Amino acid sequence: MSRVAPVFVALVALAGCMRYTPVPLEPSNHAAAYRARSLRDTSLIAWVARWAGRPDGDRWTDRQLAVAALALRSELARARAEWRATVIGERIAGARPAPGAAAGVERAVAGSEGASPWVVSLGATLAVELGGKRGARVQQARAESALAEAELRGGAWRIAVDTRAAALALASADAARDDAVREADILGEIATLERARYEEAALTAAELARTASDVQLARGEVAAAEAEAIDARATLAAATALPWKALDSLRVDLVPGTACTSLLAVGDDSLAALSLTRRPEIGRALAHYAVAEAGLRLSIARQYPDLELGPGFIWDQGVHRWTLAFALPNLLGLRNRAPMDQARAEREAAAAAVNEAQDDLLGETARAAGRCRGAVLEAAAAEAQVVAARRSAALARAAYERGETSRLDPALADLGALRAERFQRGRASRLAAAAAALEAAMGGPPGEAGTWPDPRSDVLVDGRAR
């Protein structure tokens with residue numbers, strides 16, 4: 001017994017066990033930090049400037065807002081931690097079975113006939129994996145790591161796309177509200193001029209009432225446009241993980257997309273190729289297939305039993321003996337084919353999912369390309385309409401300056417020009433939205449890859465970039 005105790009003490013000392021340290025969470029701390037976020041934060045501005053240029057005061061581009069969202073959205077931190085856990089899992093999967101130790105003590109209570117009544121045994125347990133289990137386990141861990149990385153990159157891409165779309169929607173809503181306000185002002189001016197004409201008996205009461213009704217409708221449109229702008233601002237706040245008040249004075253400067261204007265120079269096949277090579281959905285689907293493939297390999301390897309060895313030494317009432325034990329667990333594993341059949345079915349499903357992802361992306365790219373073509377035609381028609389309306393307004397203004405008409409005629413012509421410009425700005429917003437959709441379908445504008453933060457390592461933590 002005096003020999004056994006030091007052995008166990010040494011084993012415990014060599015174990016080097018880690019201590020558990022609790023880290024409790026206080027949700028109110030994050031909520032308070034969320035409410036304190038601001039676009040004027042110097043660390044956030046420096047982070048954005050590193051990737052998308054420094055914002056001009058309260059004027060931010062859609063790309064700058066997307067970079068800010070990548071720094072603030074919590075789901076990226078969660079996906080990043082999950083990816084790091086899978087990377088560590090690769091090391092765990094490559095570890096071989098650790099040896100163990102076993103000990104036993106017996107005491108004979110009768111029949112020892114003068115010999116030592118104690119029987120002491122010490123043994124080791126060694127497992128030898130057969131069938132390629134370790135290689136299959138490592139392959140599965142690497143596939144899971146690749147899948148987690150694909151999920152991380154895909155999450156960052158979705159955040160950027162959603163934020164840029166929300167920024168575009170806010171810019172369009174702000175422009176629509178401003179146009180509605182200008183139209184309501186001009187209609188109010190026309191109503192004043194028509195009332196003067198009515199008092200001169202040059203206008204009927206029905207015409208005056210019609211203009212008054214138009215003024216009320218215009219004011220209703222102003223209220224509706226303001227509500228849409230408020231909703232768009234709230235949507236952008238959610239997309240960037242910023243409080244609504246942080247976007248009160250924000251103005252979005254849209255950088256015109258080039259996807260639609262360059263569409264005629266890029267064929268549909270090239271657009272499809274860009275989509276299939278740059279979109280993160282393909283990488284995620286392929287990573288899912290790699291996980292299923294590794295799962296099948298591991299399931300086949302597990303049908304083979306492992307070899308367990310147990311060398312030991314026994315002190316049996318003064319007699320010393322060496323022992324060697326063998327064990328082959330799971331001898332009937334070859335007959336259980338259900339796990340392998342299930343793994344094959346999962347691999348088939350993963351292969352079908354790769355084709356499904358390609359179908360979805362090709363269809364999305366085709367729809368985005370068609371939308372771009374239509375938006376280009378609409379923008380050209382709107383431009384021609386603005387040119388005609390401005391020409392009419394100029395003629396009406398010249399006639400008024402010559403004294404040929406009253407002030408009402410150029411005011412009505414200005415209203416027509418404003419409505420044409422409002423229609424043009426609406427078509428321009430549709431064109432910008434179509435360009436953004438096509439760029440998103442292609443995985444971003446050509447040449448933009450590599451100019452975004454790497455979600456694995458480029459992180460803004462506690463106001464510091466690392």
# chains A, B, ... in the order shown; residues from 1 in each chain; ligands from 1
>>> residues_around(residues="Ser406 in chain A", least_positions_apart="6", cutoff="10 Å", atoms="only C-alpha atoms", output="ChimeraX atom specification")
/A:193,197,396-397,399-400
>>> residues_around(residues="range 429-432 of chain A", least_positions_apart="3", cutoff="12 Å", atoms="only C-alpha atoms", output="JSON, numbers by chain")
{"A": [62, 164, 165, 167, 168, 169, 170, 171, 172, 173, 174, 175, 176, 254, 255, 256, 257, 258, 259, 260, 261, 368, 369, 370, 371, 372, 373, 374, 375, 376, 377, 378, 379, 380, 382, 422, 423, 424, 425, 426, 435, 436, 437, 438, 439]}
>>> write_last_selection(atoms="N, CA and C atoms", output="short mmCIF file (atom, residue, chain, number, x, y, z; two decimals), in the first residue's frame")
data_model
loop_
_atom_site.label_atom_id
_atom_site.label_comp_id
_atom_site.auth_asym_id
_atom_site.auth_seq_id
_atom_site.Cartn_x
_atom_site.Cartn_y
_atom_site.Cartn_z
N ASP A 62 -24.07 54.19 -48.20
CA ASP A 62 -24.60 52.89 -47.84
C ASP A 62 -23.48 51.91 -47.47
N ARG A 164 -27.19 47.86 -46.74
CA ARG A 164 -27.15 48.71 -47.93
C ARG A 164 -28.55 48.88 -48.52
N ALA A 165 -29.35 47.83 -48.49
CA ALA A 165 -30.73 47.94 -48.98
C ALA A 165 -31.54 48.88 -48.09
N ALA A 167 -30.33 51.34 -46.30
CA ALA A 167 -29.84 52.71 -46.55
C ALA A 167 -30.44 53.27 -47.83
N LEU A 168 -30.52 52.44 -48.86
CA LEU A 168 -31.14 52.87 -50.12
C LEU A 168 -32.61 53.21 -49.91
N ALA A 169 -33.30 52.39 -49.13
CA ALA A 169 -34.72 52.67 -48.86
C ALA A 169 -34.88 53.98 -48.10
N LEU A 170 -33.99 54.27 -47.16
CA LEU A 170 -34.08 55.53 -46.41
C LEU A 170 -33.80 56.72 -47.32
N ALA A 171 -32.80 56.61 -48.18
CA ALA A 171 -32.51 57.71 -49.10
C ALA A 171 -33.70 57.97 -50.02
N SER A 172 -34.32 56.91 -50.51
CA SER A 172 -35.48 57.06 -51.38
C SER A 172 -36.65 57.67 -50.62
N ALA A 173 -36.86 57.23 -49.38
CA ALA A 173 -37.97 57.75 -48.58
C ALA A 173 -37.77 59.22 -48.25
N ASP A 174 -36.54 59.61 -47.91
CA ASP A 174 -36.26 61.02 -47.64
C ASP A 174 -36.49 61.87 -48.88
N ALA A 175 -36.04 61.38 -50.04
CA ALA A 175 -36.24 62.13 -51.29
C ALA A 175 -37.72 62.24 -51.62
N ALA A 176 -38.47 61.17 -51.42
CA ALA A 176 -39.91 61.21 -51.69
C ALA A 176 -40.62 62.17 -50.76
N LEU A 254 -26.04 58.27 -51.62
CA LEU A 254 -25.98 57.05 -52.43
C LEU A 254 -24.92 57.18 -53.51
N VAL A 255 -24.06 56.19 -53.57
CA VAL A 255 -23.09 56.10 -54.67
C VAL A 255 -23.77 55.33 -55.79
N PRO A 256 -24.00 55.95 -56.94
CA PRO A 256 -24.75 55.27 -58.01
C PRO A 256 -24.12 53.93 -58.36
N GLY A 257 -24.96 52.90 -58.42
CA GLY A 257 -24.47 51.58 -58.81
C GLY A 257 -24.18 51.52 -60.30
N THR A 258 -23.20 50.74 -60.64
CA THR A 258 -22.82 50.61 -62.05
C THR A 258 -23.29 49.29 -62.65
N ALA A 259 -23.97 48.48 -61.86
CA ALA A 259 -24.34 47.15 -62.35
C ALA A 259 -25.30 47.24 -63.53
N CYS A 260 -26.31 48.10 -63.42
CA CYS A 260 -27.29 48.19 -64.52
C CYS A 260 -26.69 48.83 -65.76
N THR A 261 -25.91 49.88 -65.60
CA THR A 261 -25.35 50.56 -66.76
C THR A 261 -24.33 49.70 -67.49
N ALA A 368 -32.81 39.59 -61.28
CA ALA A 368 -32.16 40.89 -61.04
C ALA A 368 -31.73 41.52 -62.36
N ALA A 369 -31.24 40.70 -63.30
CA ALA A 369 -30.84 41.24 -64.60
C ALA A 369 -32.05 41.79 -65.36
N GLY A 370 -33.16 41.06 -65.34
CA GLY A 370 -34.36 41.56 -65.99
C GLY A 370 -34.88 42.84 -65.35
N ARG A 371 -34.81 42.90 -64.04
CA ARG A 371 -35.24 44.11 -63.34
C ARG A 371 -34.36 45.29 -63.71
N CYS A 372 -33.08 45.03 -63.87
CA CYS A 372 -32.15 46.10 -64.27
C CYS A 372 -32.49 46.62 -65.67
N ARG A 373 -32.76 45.72 -66.58
CA ARG A 373 -33.09 46.15 -67.94
C ARG A 373 -34.35 47.01 -67.94
N GLY A 374 -35.36 46.59 -67.20
CA GLY A 374 -36.57 47.39 -67.12
C GLY A 374 -36.34 48.73 -66.46
N ALA A 375 -35.51 48.77 -65.42
CA ALA A 375 -35.24 50.03 -64.72
C ALA A 375 -34.47 51.00 -65.62
N VAL A 376 -33.59 50.49 -66.46
CA VAL A 376 -32.86 51.36 -67.40
C VAL A 376 -33.83 52.00 -68.38
N LEU A 377 -34.79 51.23 -68.89
CA LEU A 377 -35.78 51.78 -69.82
C LEU A 377 -36.65 52.84 -69.12
N GLU A 378 -37.07 52.55 -67.90
CA GLU A 378 -37.88 53.52 -67.16
C GLU A 378 -37.11 54.81 -66.90
N ALA A 379 -35.84 54.69 -66.54
CA ALA A 379 -35.04 55.89 -66.28
C ALA A 379 -34.89 56.73 -67.54
N ALA A 380 -34.72 56.09 -68.68
CA ALA A 380 -34.61 56.85 -69.94
C ALA A 380 -35.91 57.57 -70.27
N ALA A 382 -38.21 58.51 -68.12
CA ALA A 382 -38.39 59.59 -67.14
C ALA A 382 -37.52 60.79 -67.49
N ARG A 422 -40.11 64.51 -59.91
CA ARG A 422 -40.40 63.55 -58.83
C ARG A 422 -40.51 62.14 -59.39
N PHE A 423 -41.17 62.02 -60.55
CA PHE A 423 -41.25 60.72 -61.20
C PHE A 423 -39.86 60.23 -61.59
N GLN A 424 -39.02 61.15 -62.07
CA GLN A 424 -37.67 60.76 -62.46
C GLN A 424 -36.87 60.28 -61.26
N ARG A 425 -36.99 60.99 -60.12
CA ARG A 425 -36.25 60.56 -58.94
C ARG A 425 -36.76 59.20 -58.45
N GLY A 426 -38.07 58.97 -58.60
CA GLY A 426 -38.59 57.65 -58.26
C GLY A 426 -38.02 56.56 -59.14
N ALA A 435 -29.89 48.05 -59.35
CA ALA A 435 -28.44 47.87 -59.41
C ALA A 435 -27.93 47.18 -58.15
N ALA A 436 -28.47 47.58 -56.99
CA ALA A 436 -28.05 46.95 -55.73
C ALA A 436 -28.44 45.48 -55.71
N ALA A 437 -29.65 45.17 -56.23
CA ALA A 437 -30.08 43.77 -56.26
C ALA A 437 -29.20 42.93 -57.17
N LEU A 438 -28.81 43.49 -58.31
CA LEU A 438 -27.95 42.75 -59.23
C LEU A 438 -26.55 42.57 -58.64
N GLU A 439 -26.04 43.62 -58.00
CA GLU A 439 -24.74 43.49 -57.35
C GLU A 439 -24.78 42.44 -56.25
#
>>> closest_residue(among="A:Glu199, A:Glu281, A:Asp179, A:Asp185", to="Ala357 in chain A", atoms="only C-alpha atoms")
A:Glu281
>>> closest_residue(among="A:Glu364, A:Asp306, A:Glu226, A:Glu189", to="Lys133 in chain A", atoms="only C-alpha atoms")
A:Asp306
>>> residues_around(residues="Arg195 in chain A", least_positions_apart="4", cutoff="12 Å", atoms="only C-alpha atoms", output="ChimeraX atom specification")
/A:188-191,199-212,408
>>> atom_distance(atom1="CA of Ala141 in chain A", atom2="CA of Gly295 in chain A")
9.7 Å
>>> closest_residue(among="A:Ser275, A:Ser74, A:Arg177, A:Ala384", to="His30 in chain A", atoms="only C-alpha atoms")
A:Ser74
>>> select_by_dssp(residues="range 74-309 of chain A", states="strand (DSSP E)", output="compact mmCIF listing (two decimals) with C-alpha atoms, in the first residue's frame")
# COMPACT_ATOMS: atom_id res chain seq x y z
CA GLY A 100 -5.77 5.21 -18.39
CA ALA A 101 -4.88 3.45 -15.21
CA ALA A 102 -6.63 0.96 -12.96
CA ALA A 103 -5.83 -0.31 -9.49
CA GLY A 104 -7.30 -2.85 -7.12
CA VAL A 105 -6.70 -3.99 -3.54
CA GLU A 106 -7.87 -7.26 -1.96
CA ARG A 107 -7.30 -8.75 1.49
CA TRP A 118 -2.93 -8.54 0.50
CA VAL A 119 -3.48 -8.71 -3.27
CA VAL A 120 -2.60 -5.47 -5.06
CA SER A 121 -2.99 -4.93 -8.79
CA LEU A 122 -1.94 -2.03 -11.01
CA GLY A 123 -2.82 -1.85 -14.68
CA ALA A 124 -2.96 0.43 -17.67
CA THR A 125 -5.72 0.77 -20.25
CA LEU A 126 -4.72 1.45 -23.84
CA ALA A 127 -7.17 1.82 -26.72
CA VAL A 128 -6.08 1.32 -30.33
CA ARG A 251 -28.50 61.68 -44.52
CA VAL A 252 -27.60 58.83 -46.83
CA ASP A 253 -25.40 59.68 -49.81
CA LEU A 307 -8.60 -3.00 -29.73
CA GLU A 308 -8.25 -2.35 -26.01
CA LEU A 309 -5.10 -3.47 -24.20
>>> residues_around(residues="range 234-248 of chain A", least_positions_apart="5", cutoff="12 Å", atoms="only C-alpha atoms", output="compact mmCIF listing (two decimals) with C-alpha atoms, in the first residue's frame")
# COMPACT_ATOMS: atom_id res chain seq x y z
CA HIS A 30 -25.64 45.31 -23.07
CA ALA A 31 -28.96 47.12 -23.31
CA ALA A 32 -27.41 50.24 -21.80
CA ALA A 33 -24.43 50.04 -24.16
CA TYR A 34 -26.80 49.62 -27.12
CA ARG A 35 -28.73 52.75 -26.20
CA ALA A 36 -25.47 54.69 -25.91
CA ARG A 37 -24.24 53.88 -29.42
CA SER A 38 -23.79 56.76 -31.84
CA LEU A 39 -22.57 57.38 -35.37
CA ARG A 40 -20.37 60.13 -33.91
CA ASP A 41 -18.30 57.61 -31.92
CA LEU A 44 -16.53 53.62 -34.93
CA ASP A 58 -23.94 63.28 -40.76
CA ARG A 59 -23.71 62.20 -44.39
CA TRP A 60 -22.90 58.50 -44.73
CA ASP A 62 -24.60 52.89 -47.84
CA ARG A 63 -21.22 51.13 -47.81
CA GLN A 64 -20.06 53.06 -44.74
CA LEU A 65 -23.25 52.12 -42.90
CA ALA A 66 -22.74 48.48 -43.88
CA VAL A 67 -19.21 48.51 -42.45
CA ALA A 68 -20.56 50.05 -39.24
CA ALA A 69 -23.15 47.26 -39.03
CA LEU A 70 -20.39 44.66 -39.35
CA ALA A 71 -18.77 46.19 -36.27
CA LEU A 72 -21.95 46.39 -34.19
CA ARG A 73 -24.17 43.41 -34.98
CA SER A 74 -23.99 40.80 -32.23
CA GLU A 75 -24.73 37.79 -34.44
CA LEU A 76 -21.28 38.14 -35.98
CA ALA A 156 -21.43 39.10 -42.66
CA ARG A 158 -26.18 39.22 -45.40
CA ILE A 159 -25.66 42.01 -42.89
CA ALA A 160 -23.88 44.13 -45.51
CA VAL A 161 -26.55 43.49 -48.16
CA ASP A 162 -29.46 44.16 -45.78
CA THR A 163 -27.85 47.34 -44.46
CA ARG A 164 -27.15 48.71 -47.93
CA ALA A 165 -30.73 47.94 -48.98
CA ALA A 166 -32.07 49.68 -45.86
CA ALA A 167 -29.84 52.71 -46.55
CA LEU A 168 -31.14 52.87 -50.12
CA ALA A 169 -34.72 52.67 -48.86
CA LEU A 170 -34.08 55.53 -46.41
CA ALA A 171 -32.51 57.71 -49.10
CA ALA A 173 -37.97 57.75 -48.58
CA ASP A 174 -36.26 61.02 -47.64
CA ALA A 227 -44.35 57.97 -42.07
CA GLU A 228 -42.47 55.94 -44.68
CA ALA A 229 -39.28 57.86 -43.93
>>> residues_around(residues="Ile88 in chain A", least_positions_apart="5", cutoff="9 Å", atoms="only C-alpha atoms", output="ChimeraX atom specification")
/A:83,93,145
>>> select_by_dssp(residues="range 299-390 of chain A", states="helix (DSSP H, G or I)", output="PyMOL selection string")
chain A and resi 299-301+333-335+338-390
